[in-house]
Amino acid sequence: MHRITGKTGGDSLIEMSPTYSFNDDINGYHQHASSSTGSFQQSSIDKQQHSKDSVFFRDGVRRIDFVLSYDDDKDGERKQERRKVYEANLEKVGLELETEDKLESEDGKTYFVKIHAPWEVLATYADVLKIKVPFKANDIPEHSEIPMNWLTTPFRLPEDIMHPEPDYFTAPFNKSKSDFFLIDDKDTFFPPSTRNRIVYYILSRCSYIKDECGDKDKKGIKRLLNNGTYTAAFPLHDSRYWTKSKDASCESERYNLYKYWAGFFSFFKEQPLNLIRKYYGEKIGIYFAWLGFYTEMLLFAAVVGTICFVHGFLTYDDNQWSKDICNDTIGGNIVMCPLCDKKCSYWKLNTTCNSSWQSHLFDNVGTVFFAIFMGIWVTLFLEFWKRRQARLEYEWDLVDFEEEQQQLQLRPEYETKCTDRKLNRITQEMEPYLPITSKCARTCLSGATVLLWISLIIACIIGVIAYRLAVYAAFASIMKDSPTAQLDVVGPYITPQLATSVTASCINFVIIMILNLMYERVAVWITDMEIPKTHLEYENKLTVKMFLFQFVNYYSSCFYVAFFKGKFVGYPGNYEYMFGKWSKLRNEECDPGGCLIELTTQLVIVMTGKQVWGNIQEALVPWLMNWWGSRKARNHPESIYSRWEQDHDLQSFGQLGLFDEYLEMVIQFGFITLFVASFPLAPLLALINNVIEIRVDAWKLTTQFRRPVAAKAHSIGAWEEILSGIAVLSVVTNAFIVAFTSDMMPRLVYMYAYQPDGEMTMKGYIDNSLSVFNISQIPLENKPDAEENPSWFNSSIHTTCRYRDYRYPPGHEKEYSHNMQFWHILAAKLAFIIIMEHVVFMVKFFVAWMIPDVPSDVRARVKRERYLVQEFLHNYEVEKLKIQLSQNSSNECTCTPMIYPSLSKHEVLSECL
């Protein structure tokens with residue numbers, strides 16, 4: 001094959017074989033034929049006529065399957081040598097290359113190497129990678145028409161978009177049996193996504209030194225990108241996203257994806273999953289299938305959560321304990337003990353009137369029901385997703401795509417860094433391996449690094465808690481006479497508790513974002529250091545590290561408010577301090593309305609802030625970077641801006657592109673399951689976010705990023721196990737939130753056992769839930785300064801103060817120790833946790849047992865396909881044998897016919913592969 005180059009110096013020459021020809025209509029090139037020598041001389045190029053949508057070589061026939069770009073800088077002699085050897089090795093494997101000179105590029109300094117994989121290379125590696133291809137049209141009848149199917153018409157997309165390809169039975173490609181498969185046209189038999197996957201597989205394993213077996217570490221496009229030999233490597237989009245390609249041989253699938261999928265006004269439409277899979281590959285397709293299914297299931301949780309919230313709103317007037325708090329004769333006459341030392345004064349209970357009303361919106365009987373419902377919902381979500389995933393596995397030819405198959409595709413980094421070899425018992429071939437001593441050392445170092453960073457997060461959370469304790473006293477002192485207290489509408493809501501909670505939550509959110517940026521690099525570094533064997537193992541290791549970090553980072557503050565705040569405060573005269581009495585940081589108390597409203601505040605700020613920031617970052621940052629990178633191109637006529645240059649100016653999807661999307665959604669899943677008892681509207685916020693998220697992800701993938709290399713995946717990987725773990729943990733956390741964070745159990749115990757009138761009402765509950773302390777017994781270091789006391793306080797009249805606990809009053813023989821009601825309430829809380837967990841887990845396991853993971857029709861189709869593969873292959877071999885025997889009998893040929901003879905230059909990479 002001959003290399004094609006662009007302009008060199010002042011000449012405009014194209015070196016090529018006389019067998020090649022140009023196609024003016026497709027490529028827009030003008031050439032001048034030479035004389036009878038049969039070769040082209042001085043073939044000039046008019047780039048103004050070059051088609052912007054061309055995805056073909058200059059001959060208009062060979063498709064561009066991959067593009068490499070580089071800048072030919074002055075100090076790059078070593079890089080030039082690497083590129084020369086690397087490209088020569090690519091040609092040895094059978095790939096065809098064509099180079100666009102830098103003078104032909106828009107910026108005048110970038111070379112583009114276009115790569116085409118001919119049929120022989122595609123067939124060879126399709127056999128190696130066991131790529132499934134069609135051999136027979138699907139003859140299983142589709143399901144009968146669904147009743148009332150017309151109701152879904154507004155949500156449907158055109159059939160050619162939803163199902164861009166006919167349905168076939170498929171089998172792994174075998175090059176020696178090419179005529180067994182339905183090959184109508186070799187040029188279009190393998191779709192572009194499969195072609196670019198095959199080419200990337202070759203690029204990842206091709207050496208860039210002359211002696212291929214001399215240095216195992218010197219190969220792979222990833223290393224060449226890291227050391228700057230090439231600046232980018234990417235497959236091409238097939239058209240501009242806003243218009244169809246003028247080239248009839250281009251599919252314009254990118255345009256269809258943008259039109260029917262990426263537009264925000266298509267938010268109510270179904271996703272064209274088959275088209276996504278065809279264009280981007282199964283790995284990206286299954287992410288969007290999971291995200292769409294998760295969003296659909298969120299609709300049910302959002303509806304029930306909204307009903308529970310509305311129930312709390314409608315029962316607003318039945319909230320007897322809030323009425324007592326707000327009553328001037330009840331709450332107005334209850335003097336509460338100071339909430340901090342020295343700077344906090346005595347206060348009246350009715351100052352928490354508004355927070356008690358707000359708390360009722362989330363802390364009511366509906367909360368218990370919703371917590372139980374979400375425990376069942378999460379099980380239904382996971383079980384129905386398994387069924388959906390099983391259906392996709394069949395439809396997308398992933399049924400036999402198991403981890404064992406991945407073991408044959410080692411990571412190039414593993415092959416190069418592992419110099420030791422051992423015999424594989426399965427393949428009976430020598431393969432690289434990592435010695436156990438090295439593996440243990442790397443794992444220990446990795447684990448220590450993860451623990452160090454988790455400790456850093458916990459230290460930051462402790463710092464935020466210390467901030468809360470330190471500034472509460474300051475807010476209490478400052479806001480005592482603050483002008484905001486005089487405001488009619490918002491004044492009563494601006495309290496020291498609210499100010500402390502909001503500012504602490506915002507600081508915590510900023511710390512979370514900063515630590516995220518830092519740890520992401522650390523996680524990738526330590527995962528690379530472990531040298532995972534396969535891509536699947538690499539992703540699973542990285543997933544576990546990132547999720548452990550994010551779990552602690554995002555949820556630790558919520559766990560503190562839910563399970564620690566207000567639980568270890570002591571009582572007047574014997575308060576508990578965070579770092580001991582010397583620190584003077586007294587542990588926080590919950591106000592009489594309970595800690596649930598603070599947990600709600602924390603959850604709303606962190607969850608909403610993360611979602612809003614995430615969407616802005618995902619949409620705005622790539623757009624700004626692309627705008628900045630392509631600003632020069634806008635000053636030139638659009639006609640010279642070729643397909644590969646347009647894609648080169650886009651952002652790279654990156655190694656963690658899809659990983660970050662999964663992580664974002666799984667963290668959100670944790671918010672709406674682990675702490676949903678405190679905020680029933682969380683699923684509604686998540687639903688709104690996800691409807692936007694799907695379209696934002698689709699928009700940025702089709703418009704702002706280069707086309708990712710297609711990759712296969714038969715599931716969502718390690719995320720499925722993480723979701724199952726969160727589902728189990730959510731039952732426990734919600735049971736503890738209802739029992740210990742909300743006031744549900746104390747109220748029920750009071751109503752059924754301690755109501756003095758024997759009525760099933762909450763009258764007198766507030767007075768019953770507050771213990772009494774003698775002010776004269778408060779130590780001097782705990783008493784408020786004289787100037788801090790309010791004007792209404794008189795020490796001769798107010799001799800006692802109240803605090804939130806169940807203890808004996810002063811003068812009792814067991815004064816200030818817990819009374820029997822405390823132990824009854826504790827027993828009720830523990831009993832509720834045990835009962836709720838057992839009920840929910842029993843329902844979960846029963847539902848999981850009732851719902852099979854694989855639908856019966858899919859199981860039947862899989863069996864049918866396997867039967868047909870065996871039957872057709874048997875018939876194929878029989879017919880082939882008959883032909884062979886007839887040829888032998890006629891003595892015309894004594895060898896097995898080869899349909900596609902191998903060529904020496906198309907050999908597969910040597911043992912270095």
# chains A, B, ... in the order shown; residues from 1 in each chain; ligands from 1
$ residues_around --residues "Ser245 in chain A" --least-positions-apart "5" --cutoff "12 Å" --atoms "only C-alpha atoms" --output "PyMOL selection string"
chain A and resi 26+51-55+237-240+250-256+643
$ residues_around --residues "range 822-828 of chain A" --least-positions-apart "6" --cutoff "12 Å" --atoms "only C-alpha atoms" --output "MDAnalysis selection string"
chainID A and resid 736 738:740 743:754 768:771 804:808 834:836
$ write_last_selection --atoms "C-alpha atoms" --output "PDB file, in the first residue's frame"
ATOM      1  CA  PHE A 736     -33.038   4.130  62.921  1.00  0.00           C
ATOM      2  CA  VAL A 738     -37.756   6.893  62.401  1.00  0.00           C
ATOM      3  CA  ALA A 739     -36.837   5.425  65.800  1.00  0.00           C
ATOM      4  CA  PHE A 740     -34.076   7.747  67.043  1.00  0.00           C
ATOM      5  CA  ASP A 743     -40.112  11.962  67.619  1.00  0.00           C
ATOM      6  CA  MET A 744     -42.465   9.258  66.401  1.00  0.00           C
ATOM      7  CA  MET A 745     -41.696   6.707  69.135  1.00  0.00           C
ATOM      8  CA  PRO A 746     -41.803   9.103  72.136  1.00  0.00           C
ATOM      9  CA  ARG A 747     -45.171  10.406  70.917  1.00  0.00           C
ATOM     10  CA  LEU A 748     -46.649   6.926  70.503  1.00  0.00           C
ATOM     11  CA  VAL A 749     -45.398   5.803  73.928  1.00  0.00           C
ATOM     12  CA  TYR A 750     -46.878   8.932  75.501  1.00  0.00           C
ATOM     13  CA  MET A 751     -50.209   8.560  73.712  1.00  0.00           C
ATOM     14  CA  TYR A 752     -50.676   4.878  74.572  1.00  0.00           C
ATOM     15  CA  ALA A 753     -49.055   4.675  78.021  1.00  0.00           C
ATOM     16  CA  TYR A 754     -48.526   8.081  79.636  1.00  0.00           C
ATOM     17  CA  ASN A 768     -44.188  15.515  79.579  1.00  0.00           C
ATOM     18  CA  SER A 769     -41.177  15.375  77.207  1.00  0.00           C
ATOM     19  CA  LEU A 770     -39.204  18.116  78.993  1.00  0.00           C
ATOM     20  CA  SER A 771     -37.364  17.447  82.228  1.00  0.00           C
ATOM     21  CA  ARG A 804     -35.171  17.847  76.381  1.00  0.00           C
ATOM     22  CA  ASP A 805     -34.823  14.488  78.163  1.00  0.00           C
ATOM     23  CA  TYR A 806     -36.606  12.015  80.425  1.00  0.00           C
ATOM     24  CA  ARG A 807     -35.022  12.384  83.884  1.00  0.00           C
ATOM     25  CA  TYR A 808     -36.264  12.581  87.458  1.00  0.00           C
ATOM     26  CA  ILE A 834     -36.476  -5.021  64.786  1.00  0.00           C
ATOM     27  CA  ILE A 835     -40.080  -5.251  63.545  1.00  0.00           C
ATOM     28  CA  MET A 836     -39.590  -2.820  60.633  1.00  0.00           C
TER      29      MET A 836
END
$ residues_around --residues "Arg62 in chain A" --least-positions-apart "6" --cutoff "10 Å" --atoms "only C-alpha atoms" --output "VMD selection string"
chain A and resid 55 to 56 96 115 to 118 187
$ select_by_dssp --residues "range 190-346 of chain A" --states "strand (DSSP E or B)" --output "VMD selection string"
chain A and resid 207 219 232 to 234 335 to 336
$ atom_distance --atom1 "CA of Leu291 in chain A" --atom2 "CA of Ile372 in chain A"
23.9 Å
$ closest_residue --among "A:Leu624, A:Ile667, A:Met513, A:Ala441" --to "Phe547 in chain A" --atoms "only C-alpha atoms"
A:Ile667
$ residues_around --residues "Asn516 in chain A" --least-positions-apart "4" --cutoff "8 Å" --atoms "only C-alpha atoms" --output "list of chain:residue names"
A:Ile512, A:Glu520, A:Gln550
$ residues_around --residues "Asn615 in chain A" --least-positions-apart "4" --cutoff "8 Å" --atoms "only C-alpha atoms" --output "compact mmCIF listing (two decimals) with N, CA, C and O atoms, in the first residue's frame"
# COMPACT_ATOMS: atom_id res chain seq x y z
N GLN A 611 -26.51 18.24 42.63
CA GLN A 611 -27.19 18.02 41.35
C GLN A 611 -27.10 19.27 40.47
O GLN A 611 -26.81 19.17 39.27
N ALA A 619 -22.57 20.49 31.51
CA ALA A 619 -23.00 21.14 30.27
C ALA A 619 -22.13 22.34 29.92
O ALA A 619 -21.77 22.54 28.76
N GLU A 693 -30.93 15.38 33.44
CA GLU A 693 -29.64 14.70 33.32
C GLU A 693 -29.54 13.88 32.03
O GLU A 693 -28.51 13.91 31.34
N VAL A 696 -29.08 16.28 29.17
CA VAL A 696 -27.79 16.96 29.24
C VAL A 696 -26.67 16.00 28.82
O VAL A 696 -25.78 16.35 28.03
$ residues_around --residues "Ala123 in chain A" --least-positions-apart "6" --cutoff "8 Å" --atoms "only C-alpha atoms" --output "list in words"
Phe173, Asn174 and Lys175 of chain A
$ write_last_selection --atoms "N, CA, C and O atoms" --output "JSON list (two decimals), in the first residue's frame"
[["chain", "number", "residue", "atom", "x", "y", "z"],
["A", 173, "PHE", "N", -18.30, -14.52, 14.99],
["A", 173, "PHE", "CA", -17.75, -14.55, 13.64],
["A", 173, "PHE", "C", -16.58, -15.53, 13.56],
["A", 173, "PHE", "O", -15.76, -15.62, 14.48],
["A", 174, "ASN", "N", -16.55, -16.28, 12.46],
["A", 174, "ASN", "CA", -15.46, -17.21, 12.19],
["A", 174, "ASN", "C", -14.98, -16.94, 10.77],
["A", 174, "ASN", "O", -15.72, -17.13, 9.80],
["A", 175, "LYS", "N", -13.75, -16.49, 10.68],
["A", 175, "LYS", "CA", -13.22, -16.11, 9.37],
["A", 175, "LYS", "C", -13.19, -17.27, 8.39],
["A", 175, "LYS", "O", -13.42, -17.09, 7.19]]
$ select_by_dssp --residues "range 603-847 of chain A" --states "alpha helix (DSSP H)" --output "VMD selection string"
chain A and resid 603 to 629 643 to 648 657 to 674 682 to 703 718 to 736 744 to 749 765 to 769 820 to 847
$ residues_around --residues "Met607 in chain A" --least-positions-apart "5" --cutoff "12 Å" --atoms "only C-alpha atoms" --output "mmCIF file with N, CA and C atoms, in the first residue's frame"
data_model
loop_
_atom_site.group_PDB
_atom_site.id
_atom_site.type_symbol
_atom_site.label_atom_id
_atom_site.label_comp_id
_atom_site.auth_asym_id
_atom_site.auth_seq_id
_atom_site.Cartn_x
_atom_site.Cartn_y
_atom_site.Cartn_z
ATOM 1 N N SER A 505 -23.681 23.437 56.518
ATOM 2 C CA SER A 505 -23.977 22.591 55.355
ATOM 3 C C SER A 505 -23.288 23.121 54.105
ATOM 4 N N CYS A 506 -23.279 24.435 53.935
ATOM 5 C CA CYS A 506 -22.636 25.034 52.763
ATOM 6 C C CYS A 506 -21.119 24.823 52.809
ATOM 7 N N ASN A 508 -19.601 22.425 54.385
ATOM 8 C CA ASN A 508 -19.401 20.998 54.157
ATOM 9 C C ASN A 508 -19.484 20.661 52.671
ATOM 10 N N PHE A 509 -20.410 21.303 51.961
ATOM 11 C CA PHE A 509 -20.564 21.056 50.526
ATOM 12 C C PHE A 509 -19.316 21.501 49.763
ATOM 13 N N ILE A 512 -16.594 19.017 50.325
ATOM 14 C CA ILE A 512 -16.882 17.809 49.536
ATOM 15 C C ILE A 512 -16.399 17.978 48.096
ATOM 16 N N TYR A 554 -19.869 12.236 51.083
ATOM 17 C CA TYR A 554 -21.197 12.829 50.948
ATOM 18 C C TYR A 554 -22.126 12.522 52.120
ATOM 19 N N TYR A 555 -21.999 11.340 52.689
ATOM 20 C CA TYR A 555 -23.012 10.912 53.658
ATOM 21 C C TYR A 555 -22.617 11.116 55.114
ATOM 22 N N SER A 557 -21.774 13.704 56.935
ATOM 23 C CA SER A 557 -22.441 14.807 57.632
ATOM 24 C C SER A 557 -23.896 14.465 57.918
ATOM 25 N N CYS A 558 -24.548 13.757 56.984
ATOM 26 C CA CYS A 558 -25.938 13.347 57.212
ATOM 27 C C CYS A 558 -26.020 12.297 58.321
ATOM 28 N N LEU A 599 -31.742 17.417 59.700
ATOM 29 C CA LEU A 599 -31.321 16.401 58.732
ATOM 30 C C LEU A 599 -31.906 16.717 57.362
ATOM 31 N N THR A 600 -33.156 17.169 57.347
ATOM 32 C CA THR A 600 -33.796 17.559 56.084
ATOM 33 C C THR A 600 -33.033 18.705 55.433
ATOM 34 N N THR A 601 -32.664 19.710 56.242
ATOM 35 C CA THR A 601 -31.914 20.856 55.718
ATOM 36 C C THR A 601 -30.580 20.410 55.131
ATOM 37 N N GLN A 602 -29.869 19.564 55.868
ATOM 38 C CA GLN A 602 -28.572 19.059 55.407
ATOM 39 C C GLN A 602 -28.732 18.296 54.097
ATOM 40 N N VAL A 612 -27.333 20.444 41.044
ATOM 41 C CA VAL A 612 -27.273 21.681 40.262
ATOM 42 C C VAL A 612 -25.852 21.923 39.769
ATOM 43 N N TRP A 613 -24.879 21.786 40.664
ATOM 44 C CA TRP A 613 -23.484 21.993 40.280
ATOM 45 C C TRP A 613 -23.051 20.971 39.236
ATOM 46 N N GLY A 614 -23.481 19.723 39.396
ATOM 47 C CA GLY A 614 -23.118 18.686 38.449
ATOM 48 C C GLY A 614 -23.632 18.971 37.051
ATOM 49 N N GLU A 664 -22.216 9.617 39.935
ATOM 50 C CA GLU A 664 -23.159 10.694 40.272
ATOM 51 C C GLU A 664 -24.547 10.144 40.564
ATOM 52 N N MET A 665 -25.017 9.215 39.744
ATOM 53 C CA MET A 665 -26.352 8.661 39.930
ATOM 54 C C MET A 665 -26.438 7.734 41.140
ATOM 55 N N ILE A 667 -24.609 7.959 43.892
ATOM 56 C CA ILE A 667 -24.618 8.821 45.082
ATOM 57 C C ILE A 667 -26.014 9.399 45.295
ATOM 58 N N GLN A 668 -26.656 9.809 44.212
ATOM 59 C CA GLN A 668 -28.035 10.295 44.322
ATOM 60 C C GLN A 668 -28.960 9.196 44.825
ATOM 61 N N PHE A 669 -28.770 7.982 44.315
ATOM 62 C CA PHE A 669 -29.563 6.838 44.758
ATOM 63 C C PHE A 669 -29.419 6.648 46.270
ATOM 64 N N GLY A 670 -28.205 6.844 46.783
ATOM 65 C CA GLY A 670 -27.996 6.743 48.220
ATOM 66 C C GLY A 670 -28.767 7.802 48.988
ATOM 67 N N PHE A 671 -28.789 9.020 48.467
ATOM 68 C CA PHE A 671 -29.526 10.087 49.151
ATOM 69 C C PHE A 671 -31.016 9.774 49.257
ATOM 70 N N ILE A 672 -31.597 9.242 48.178
ATOM 71 C CA ILE A 672 -33.052 9.045 48.185
ATOM 72 C C ILE A 672 -33.466 7.744 48.846
ATOM 73 N N PHE A 675 -31.651 8.171 53.465
ATOM 74 C CA PHE A 675 -32.193 9.191 54.363
ATOM 75 C C PHE A 675 -33.579 9.670 53.939
ATOM 76 N N VAL A 676 -34.272 8.853 53.160
ATOM 77 C CA VAL A 676 -35.537 9.318 52.592
ATOM 78 C C VAL A 676 -36.608 9.503 53.656
ATOM 79 N N PHE A 679 -36.973 13.124 54.397
ATOM 80 C CA PHE A 679 -37.348 14.067 53.333
ATOM 81 C C PHE A 679 -38.072 13.331 52.212
ATOM 82 N N LEU A 681 -39.708 14.301 49.811
ATOM 83 C CA LEU A 681 -39.667 14.941 48.492
ATOM 84 C C LEU A 681 -38.356 14.659 47.751
ATOM 85 N N ALA A 682 -37.415 13.929 48.400
ATOM 86 C CA ALA A 682 -36.130 13.632 47.755
ATOM 87 C C ALA A 682 -36.303 12.903 46.416
ATOM 88 N N PRO A 683 -37.179 11.874 46.310
ATOM 89 C CA PRO A 683 -37.361 11.231 44.995
ATOM 90 C C PRO A 683 -37.888 12.179 43.928
ATOM 91 N N LEU A 685 -37.222 15.470 43.728
ATOM 92 C CA LEU A 685 -36.076 16.263 43.287
ATOM 93 C C LEU A 685 -35.170 15.430 42.378
ATOM 94 N N ALA A 686 -34.969 14.170 42.741
ATOM 95 C CA ALA A 686 -34.130 13.288 41.922
ATOM 96 C C ALA A 686 -34.757 13.061 40.553
ATOM 97 N N ASN A 689 -34.248 16.129 38.429
ATOM 98 C CA ASN A 689 -32.840 16.185 38.024
ATOM 99 C C ASN A 689 -32.538 15.183 36.927
#
$ closest_residue --among "A:Val621, A:Ala232, A:Ile161, A:Cys308" --to "Leu275 in chain A" --atoms "only C-alpha atoms"
A:Ile161
$ atom_distance --atom1 "CA of Pro852 in chain A" --atom2 "CA of Asn540 in chain A"
25.9 Å
$ atom_distance --atom1 "CA of Met518 in chain A" --atom2 "CA of Cys460 in chain A"
14.0 Å
